[in-house]
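> Structure file query.cif (mmCIF, C-alpha atoms and all ligand atoms) is given on the next line.
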```
data_target
loop_
_atom_site.label_atom_id
_atom_site.label_comp_id
_atom_site.auth_asym_id
_atom_site.auth_seq_id
_atom_site.Cartn_x
_atom_site.Cartn_y
_atom_site.Cartn_z
CA GLY A 1 100.65 107.66 101.88
CA GLU A 2 104.36 108.14 102.39
CA ARG A 3 106.41 104.98 102.46
CA PHE A 4 108.89 104.24 105.21
CA TYR A 5 112.57 105.08 104.98
CA ASP A 6 115.33 105.59 107.57
CA TYR A 7 117.06 108.55 105.95
CA LYS A 8 117.50 110.42 102.70
CA HIS A 9 120.84 109.96 101.04
CA LYS A 10 122.62 113.31 101.38
CA GLU A 11 124.11 113.26 97.91
CA SER A 12 121.40 111.82 95.68
CA GLY A 13 118.25 112.23 97.80
CA ALA A 14 117.26 108.54 97.51
CA GLU A 15 115.12 107.17 100.36
CA ILE A 16 117.24 104.60 102.20
CA LEU A 17 116.28 101.73 104.51
CA LYS A 18 118.63 100.43 107.21
CA ALA A 19 119.03 96.80 108.24
CA GLN A 20 118.50 96.30 111.99
CA HIS A 21 119.07 92.75 113.30
CA PRO A 22 120.01 90.72 110.27
CA GLU A 23 121.66 87.69 111.95
CA PHE A 24 118.38 85.93 112.65
CA GLU A 25 117.06 86.61 109.17
CA LEU A 26 120.17 85.44 107.38
CA TRP A 27 120.64 82.36 109.58
CA SER A 28 117.01 81.38 108.85
CA GLN A 29 117.95 81.06 105.16
CA GLY A 30 120.98 78.84 105.77
CA ILE A 31 121.78 75.14 105.97
CA HIS A 32 122.27 75.17 109.76
CA SER A 33 118.79 76.56 110.32
CA ARG A 34 117.42 74.05 107.84
CA SER A 35 119.20 71.32 109.80
CA GLY A 36 117.80 72.50 113.13
CA VAL A 37 121.05 74.05 114.41
CA ALA A 38 120.13 77.13 116.48
CA CYS A 39 122.12 80.21 117.59
CA ALA A 40 122.85 78.72 120.98
CA ASP A 41 124.29 75.50 119.53
CA CYS A 42 127.23 77.48 118.14
CA HIS A 43 127.28 80.57 120.32
CA MET A 44 126.55 79.11 123.75
CA PRO A 45 128.02 75.65 123.86
CA TYR A 46 127.78 74.33 127.39
CA MET A 47 130.92 74.05 129.38
CA ARG A 48 130.33 71.28 131.86
CA ASP A 49 131.96 72.05 135.16
CA GLY A 50 131.04 69.34 137.61
CA ALA A 51 127.32 69.57 138.23
CA SER A 52 126.96 73.16 137.08
CA LYS A 53 126.59 74.33 133.51
CA VAL A 54 128.21 77.56 132.48
CA SER A 55 127.80 78.96 129.02
CA ASP A 56 129.84 81.25 126.87
CA HIS A 57 128.28 84.61 126.17
CA TRP A 58 126.34 84.31 122.91
CA VAL A 59 127.96 87.24 121.12
CA ARG A 60 131.42 85.72 121.31
CA SER A 61 132.83 84.27 118.14
CA PRO A 62 132.32 80.49 118.06
CA LEU A 63 135.65 80.33 116.27
CA LEU A 64 137.36 81.03 119.59
CA ASN A 65 136.23 77.57 120.64
CA VAL A 66 135.80 75.40 117.58
CA ASN A 67 136.07 72.28 119.68
CA ARG A 68 132.88 72.96 121.63
CA ALA A 69 131.07 75.06 119.04
CA CYS A 70 131.59 72.98 115.89
CA GLN A 71 133.37 69.71 116.46
CA THR A 72 130.47 68.21 118.40
CA CYS A 73 128.88 67.82 114.95
CA HIS A 74 131.75 68.20 112.49
CA HIS A 75 134.32 65.48 113.08
CA ILE A 76 137.05 67.08 111.01
CA ALA A 77 140.24 68.94 111.92
CA GLU A 78 139.93 72.39 113.46
CA SER A 79 142.24 73.82 110.77
CA GLU A 80 139.88 72.52 108.06
CA ILE A 81 136.81 74.01 109.79
CA LEU A 82 138.55 77.37 110.13
CA ALA A 83 139.64 77.25 106.49
CA ARG A 84 136.04 76.65 105.35
CA VAL A 85 134.74 79.58 107.37
CA ASP A 86 137.57 81.77 106.10
CA SER A 87 136.80 80.85 102.49
CA ILE A 88 133.11 81.73 102.95
CA GLN A 89 133.90 85.04 104.64
CA GLN A 90 136.54 86.03 102.08
CA LYS A 91 134.12 85.45 99.18
CA ASN A 92 131.46 87.41 101.01
CA PHE A 93 133.92 90.26 101.57
CA ASP A 94 134.94 90.30 97.89
CA LEU A 95 131.32 90.48 96.70
CA LEU A 96 130.56 93.21 99.22
CA GLN A 97 133.46 95.26 97.84
CA ARG A 98 132.24 94.79 94.27
CA GLY A 99 128.74 95.87 95.26
CA GLY A 100 130.16 98.92 97.02
CA THR A 101 132.11 99.90 93.93
CA ALA A 102 129.02 99.53 91.75
CA LEU A 103 127.01 101.71 94.14
CA MET A 104 129.72 104.42 94.13
CA GLU A 105 129.65 104.45 90.34
CA LEU A 106 125.86 104.78 90.38
CA LEU A 107 126.21 107.81 92.69
CA ASP A 108 128.85 109.33 90.41
CA ALA A 109 126.53 108.90 87.42
CA VAL A 110 123.64 110.52 89.32
CA ALA A 111 125.86 113.49 90.16
CA VAL A 112 126.85 113.90 86.52
CA ALA A 113 123.21 113.63 85.42
CA LYS A 114 122.20 116.32 87.93
CA LYS A 115 124.92 118.60 86.60
CA ALA A 116 123.64 117.99 83.10
CA GLY A 117 120.21 119.23 84.24
CA ALA A 118 118.34 115.99 84.93
CA THR A 119 115.25 116.64 87.12
CA ASP A 120 114.33 114.77 90.32
CA GLU A 121 111.43 113.23 88.45
CA GLN A 122 113.74 111.93 85.71
CA LEU A 123 116.19 110.58 88.29
CA LYS A 124 113.54 108.73 90.30
CA PRO A 125 114.03 105.30 88.68
CA ALA A 126 117.82 105.50 89.15
CA LEU A 127 117.35 106.46 92.82
CA GLU A 128 114.95 103.58 93.27
CA PHE A 129 117.73 101.26 92.09
CA GLN A 130 120.10 102.97 94.53
CA ARG A 131 117.66 102.26 97.37
CA GLN A 132 117.41 98.60 96.37
CA ALA A 133 121.18 98.20 96.06
CA GLN A 134 122.01 100.10 99.24
CA TRP A 135 119.53 98.18 101.36
CA ARG A 136 121.09 94.88 100.30
CA LEU A 137 124.67 96.04 100.87
CA ASP A 138 123.80 97.44 104.31
CA TYR A 139 122.03 94.24 105.22
CA ILE A 140 125.03 92.03 104.52
CA ALA A 141 127.52 94.56 105.92
CA ALA A 142 125.52 94.75 109.17
CA GLU A 143 125.26 90.97 109.38
CA ASN A 144 128.07 90.09 111.76
CA SER A 145 128.92 86.58 110.57
CA MET A 146 130.31 87.97 107.30
CA GLY A 147 128.13 85.64 105.28
CA PHE A 148 128.73 82.49 107.32
CA HIS A 149 125.16 82.15 108.63
CA ALA A 150 123.90 81.54 105.07
CA PRO A 151 126.62 81.84 102.42
CA GLN A 152 124.51 81.22 99.32
CA GLU A 153 121.76 83.57 100.45
CA ALA A 154 124.34 86.27 101.23
CA ALA A 155 125.87 85.84 97.76
CA ARG A 156 122.41 86.04 96.15
CA ILE A 157 121.66 89.30 97.97
CA LEU A 158 125.04 90.80 96.99
CA ALA A 159 124.56 89.77 93.36
CA GLU A 160 121.22 91.56 93.36
CA ALA A 161 122.85 94.63 94.92
CA ALA A 162 125.48 94.84 92.19
CA ASP A 163 122.86 94.29 89.50
CA TYR A 164 120.54 97.03 90.85
CA ALA A 165 123.45 99.44 91.22
CA ARG A 166 124.54 98.88 87.62
CA GLN A 167 120.98 99.21 86.32
CA GLY A 168 120.68 102.52 88.15
CA GLN A 169 124.04 103.63 86.81
CA VAL A 170 122.94 102.89 83.22
CA MET A 171 119.75 104.90 83.72
CA ALA A 172 121.60 107.85 85.22
CA LEU A 173 124.20 107.78 82.43
CA LYS A 174 121.42 108.10 79.84
CA LEU A 175 120.36 111.32 81.58
CA ALA A 176 123.93 112.58 81.78
CA LYS A 177 124.21 113.14 78.04
C1 LIG B 201 126.54 76.87 112.81
C2 LIG B 201 127.00 77.78 113.81
C3 LIG B 201 126.27 79.09 114.00
C4 LIG B 201 124.93 79.31 114.19
C5 LIG B 201 123.81 78.30 114.22
C6 LIG B 201 124.78 80.73 114.38
N1 LIG B 201 126.01 81.34 114.30
FE1 LIG B 201 126.38 83.30 114.61
N2 LIG B 201 128.30 83.03 113.98
C7 LIG B 201 128.88 81.82 113.65
C8 LIG B 201 130.20 82.05 113.12
C9 LIG B 201 131.18 81.00 112.63
C10 LIG B 201 130.41 83.44 113.14
C11 LIG B 201 131.65 84.21 112.66
C12 LIG B 201 132.57 84.47 113.82
C13 LIG B 201 133.86 85.13 113.39
O1 LIG B 201 134.01 85.56 112.24
O2 LIG B 201 134.76 85.22 114.25
C14 LIG B 201 129.21 84.02 113.74
C15 LIG B 201 129.06 85.38 114.03
C16 LIG B 201 127.99 85.89 114.73
C17 LIG B 201 127.97 87.21 115.32
C18 LIG B 201 129.15 88.18 115.39
C19 LIG B 201 129.95 87.76 116.60
C20 LIG B 201 131.35 88.28 116.65
O3 LIG B 201 132.03 88.02 117.66
O4 LIG B 201 131.81 88.91 115.69
C21 LIG B 201 126.72 87.38 115.88
C22 LIG B 201 126.20 88.61 116.63
C23 LIG B 201 125.98 86.15 115.63
N3 LIG B 201 126.79 85.28 114.94
C24 LIG B 201 124.68 85.92 116.03
C25 LIG B 201 123.96 84.75 115.73
C26 LIG B 201 122.54 84.59 115.94
C27 LIG B 201 121.62 85.64 116.56
C28 LIG B 201 122.22 83.34 115.50
C29 LIG B 201 120.87 82.68 115.39
C30 LIG B 201 119.81 83.45 114.76
C31 LIG B 201 123.46 82.70 115.05
N4 LIG B 201 124.48 83.60 115.20
C32 LIG B 201 123.57 81.39 114.61
C33 LIG B 201 128.28 80.59 113.81
C34 LIG B 201 126.94 80.37 114.05
C1 LIG B 202 124.40 70.74 116.04
C2 LIG B 202 125.23 70.35 114.92
C3 LIG B 202 126.11 71.39 114.23
C4 LIG B 202 126.92 72.33 114.82
C5 LIG B 202 127.12 72.64 116.29
C6 LIG B 202 127.62 72.99 113.73
N1 LIG B 202 127.22 72.47 112.54
FE1 LIG B 202 127.92 73.00 110.69
N2 LIG B 202 126.56 71.81 109.81
C7 LIG B 202 125.69 70.97 110.49
C8 LIG B 202 124.81 70.32 109.52
C9 LIG B 202 123.72 69.31 109.85
C10 LIG B 202 125.18 70.82 108.25
C11 LIG B 202 124.52 70.53 106.92
C12 LIG B 202 125.38 69.62 106.09
C13 LIG B 202 125.33 68.23 106.58
O1 LIG B 202 124.22 67.68 106.72
O2 LIG B 202 126.40 67.68 106.86
C14 LIG B 202 126.31 71.72 108.47
C15 LIG B 202 127.01 72.39 107.45
C16 LIG B 202 128.13 73.16 107.64
C17 LIG B 202 128.93 73.75 106.59
C18 LIG B 202 128.66 73.65 105.11
C19 LIG B 202 127.81 74.86 104.78
C20 LIG B 202 127.25 74.93 103.41
O3 LIG B 202 126.64 75.95 103.10
O4 LIG B 202 127.39 73.96 102.64
C21 LIG B 202 129.94 74.45 107.19
C22 LIG B 202 131.05 75.24 106.52
C23 LIG B 202 129.76 74.31 108.62
N3 LIG B 202 128.65 73.51 108.86
C24 LIG B 202 130.56 74.91 109.56
C25 LIG B 202 130.28 74.91 110.93
C26 LIG B 202 131.03 75.69 111.90
C27 LIG B 202 132.18 76.60 111.60
C28 LIG B 202 130.46 75.43 113.12
C29 LIG B 202 130.83 76.00 114.46
C30 LIG B 202 130.89 77.43 114.57
C31 LIG B 202 129.36 74.50 112.90
N4 LIG B 202 129.29 74.22 111.57
C32 LIG B 202 128.56 74.00 113.91
C33 LIG B 202 125.65 70.75 111.84
C34 LIG B 202 126.30 71.49 112.79
#
```
Would you give me this structure, written as structure tokens?
Ligand code: HEC
Ligand code: HEC

Amino acid sequence: GERFYDYKHKESGAEILKAQHPEFELWSQGIHSRSGVACADCHMPYMRDGASKVSDHWVRSPLLNVNRACQTCHHIAESEILARVDSIQQKNFDLLQRGGTALMELLDAVAVAKKAGATDEQLKPALEFQRQAQWRLDYIAAENSMGFHAPQEAARILAEAADYARQGQVMALKLAK
């Protein structure tokens, strides 16, 4: 049977999957999940107001209220907490950019190979690598914590993306001669 894909890439024709709700999946691979810290612990910290409990809306950034969202557990300065999150997110961003560059170069190589007369059948393995790389990049790009929910897992996924993109590029370049 036909396998599932969300759309065909308009340039190369590769079958592409899209990431839908990646926050839960990524969080489940991280240290907070492992330590029993759930979404609501960071995203809906209770604001005690007399007898009633009011909670922040869960989609708000916990960084807008580090005191209630983080410092209940982390007894360190707010500036240090923010710096740690920033460092994680910056590294995630840098790896995402590298992966994106690798994917663009794979697409360029596929275009050159097509011009040189490579057939769809010959290009299949390179497009399979594109699919693998693109799925991983989309997954982390769609994940709204910018890597924070599970930094090491996010880095692992982005390393795989870059590797698949480069493998696909090498294959396409062989057909471009
Ligand atoms: C340990 C604390 C923590 C836990 C647990 C956690 N998050 Fe987050 N989440 C964050 C931080 C920090 C950010 C980054 C916010 C920013 O960059 O401003 C974030 C970002 C987000 C965002 C983007 C929000 C925005 O305003 O940009 C969403 C959506 C989200 N998380 C959903 C979830 C879901 C769903 C879960 C559980 C499956 C979860 N989070 C678990 C800390 C947490
Ligand atoms: C309910 C308790 C709890 C809350 C709330 C919480 N954390 Fe944590 N956090 C932990 C635990 C437990 C660990 C695992 C390390 C440890 O045991 O000290 C951890 C680890 C971390 C680490 C190290 C991550 C790593 O991969 O090594 C960072 C950074 C961090 N937390 C940031 C935050 C930020 C930012 C918030 C608020 C948005 C937050 N935490 C909210 C309990 C919490």
> Counting only C-alpha atoms and all ligand atoms, what are the residues of chain A within 7 Å of ligand LIG 202 (chain B), and for each of them which pair of atoms is the nearest and at what distance in Å, to one decimal? Sort the table by chain and rising number, as a Markdown table.

```
| residue | atom | partner | partner_atom | distance |
| --- | --- | --- | --- | --- |
| A:Gly30 | CA | B:LIG202 | O3 | 6.9 |
| A:Ile31 | CA | B:LIG202 | C11 | 5.4 |
| A:His32 | CA | B:LIG202 | C10 | 5.4 |
| A:Ser35 | CA | B:LIG202 | C9 | 4.9 |
| A:Val37 | CA | B:LIG202 | C1 | 5.0 |
| A:Asp41 | CA | B:LIG202 | C5 | 5.2 |
| A:Cys42 | CA | B:LIG202 | C30 | 5.1 |
| A:Pro62 | CA | B:LIG202 | C30 | 4.9 |
| A:Leu63 | CA | B:LIG202 | C30 | 5.8 |
| A:Val66 | CA | B:LIG202 | C29 | 5.9 |
| A:Ala69 | CA | B:LIG202 | C29 | 4.7 |
| A:Cys70 | CA | B:LIG202 | C29 | 3.4 |
| A:Gln71 | CA | B:LIG202 | C5 | 6.9 |
| A:Thr72 | CA | B:LIG202 | C5 | 5.9 |
| A:Cys73 | CA | B:LIG202 | C2 | 4.4 |
| A:His74 | CA | B:LIG202 | N1 | 6.2 |
| A:Ile81 | CA | B:LIG202 | C27 | 5.6 |
| A:Leu82 | CA | B:LIG202 | C27 | 6.6 |
| A:Arg84 | CA | B:LIG202 | C22 | 5.3 |
| A:Val85 | CA | B:LIG202 | C22 | 5.8 |
| A:Ala150 | CA | B:LIG202 | O3 | 6.5 |
| A:Pro151 | CA | B:LIG202 | O3 | 5.9 |
| A:Gln152 | CA | B:LIG202 | O3 | 6.8 |
```
> Need the shell around Gln89 of chain A: protein/DNA/RNA residues with any atom at most 12 Å away, counting all atoms listed in the file. Skip same-chain ones fewer than 6 positions apart. Format as a list in words?
Leu82, Ala83, Leu95, Leu96, Ile140, Ala141, Glu143, Asn144, Ser145, Met146, Gly147, Phe148, His149, Ala150, Pro151, Gln152, Ala154 and Ala155 of chain A
> Do you know which residues are at most 9 Å from segment 113-130 of chain A counting only C-alpha atoms, after dropping those on the same chain fewer than 6 positions away, and could you put them as a PyMOL selection string?
chain A and resi 12-16+103+106-107+161+164-177
> Kindly give the distance, in Å, that separates atom C11 of ligand LIG 201 (chain B) and atom CA of His43 of chain A, rounded to a single decimal.
9.5 Å
> By how many Å are atom CA of Leu26 of chain A and atom CA of Ser87 of chain A apart?
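Distance between the two atoms: 17.9 Å.
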> Restricting the calculation to all atoms listed in the file: of A:Ile88, A:Trp135, A:Ser79, A:Arg60, which residue gets closest to Glu153 of chain A?
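When distances to Glu153 of chain A are compared using all atoms listed in the file, the smallest one comes from A:Ile88.
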> Could you tell me how far atom C29 of ligand LIG 201 (chain B) lies from atom CA of Ala38 of chain A, in Å and to one decimal?
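According to the coordinates, atom C29 of ligand LIG 201 (chain B) and atom CA of Ala38 of chain A are separated by 5.7 Å.
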> Closest to ligand LIG 201 (chain B) among A:Trp27, A:Tyr7, A:Phe93, A:Tyr139, using all atoms listed in the file?
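Result for the nearest residue to ligand LIG 201 (chain B): A:Trp27.
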> Taking all atoms listed in the file into account, name the residue in A:Glu11, A:Ser33, A:Arg68, A:Ala159 that is nearest to Val112 of chain A.
A:Glu11
> Could you tell me which of A:Ala77, A:Pro22, A:Met44, A:Gln29 comes closest to Leu137 of chain A if we count only C-alpha atoms?
A:Pro22
> Which residue out of A:Ala142, A:Asp94, A:Lys10, A:Glu105 has the minimum interatomic distance to ligand LIG 201 (chain B) when only C-alpha atoms and all ligand atoms are used?
A:Ala142
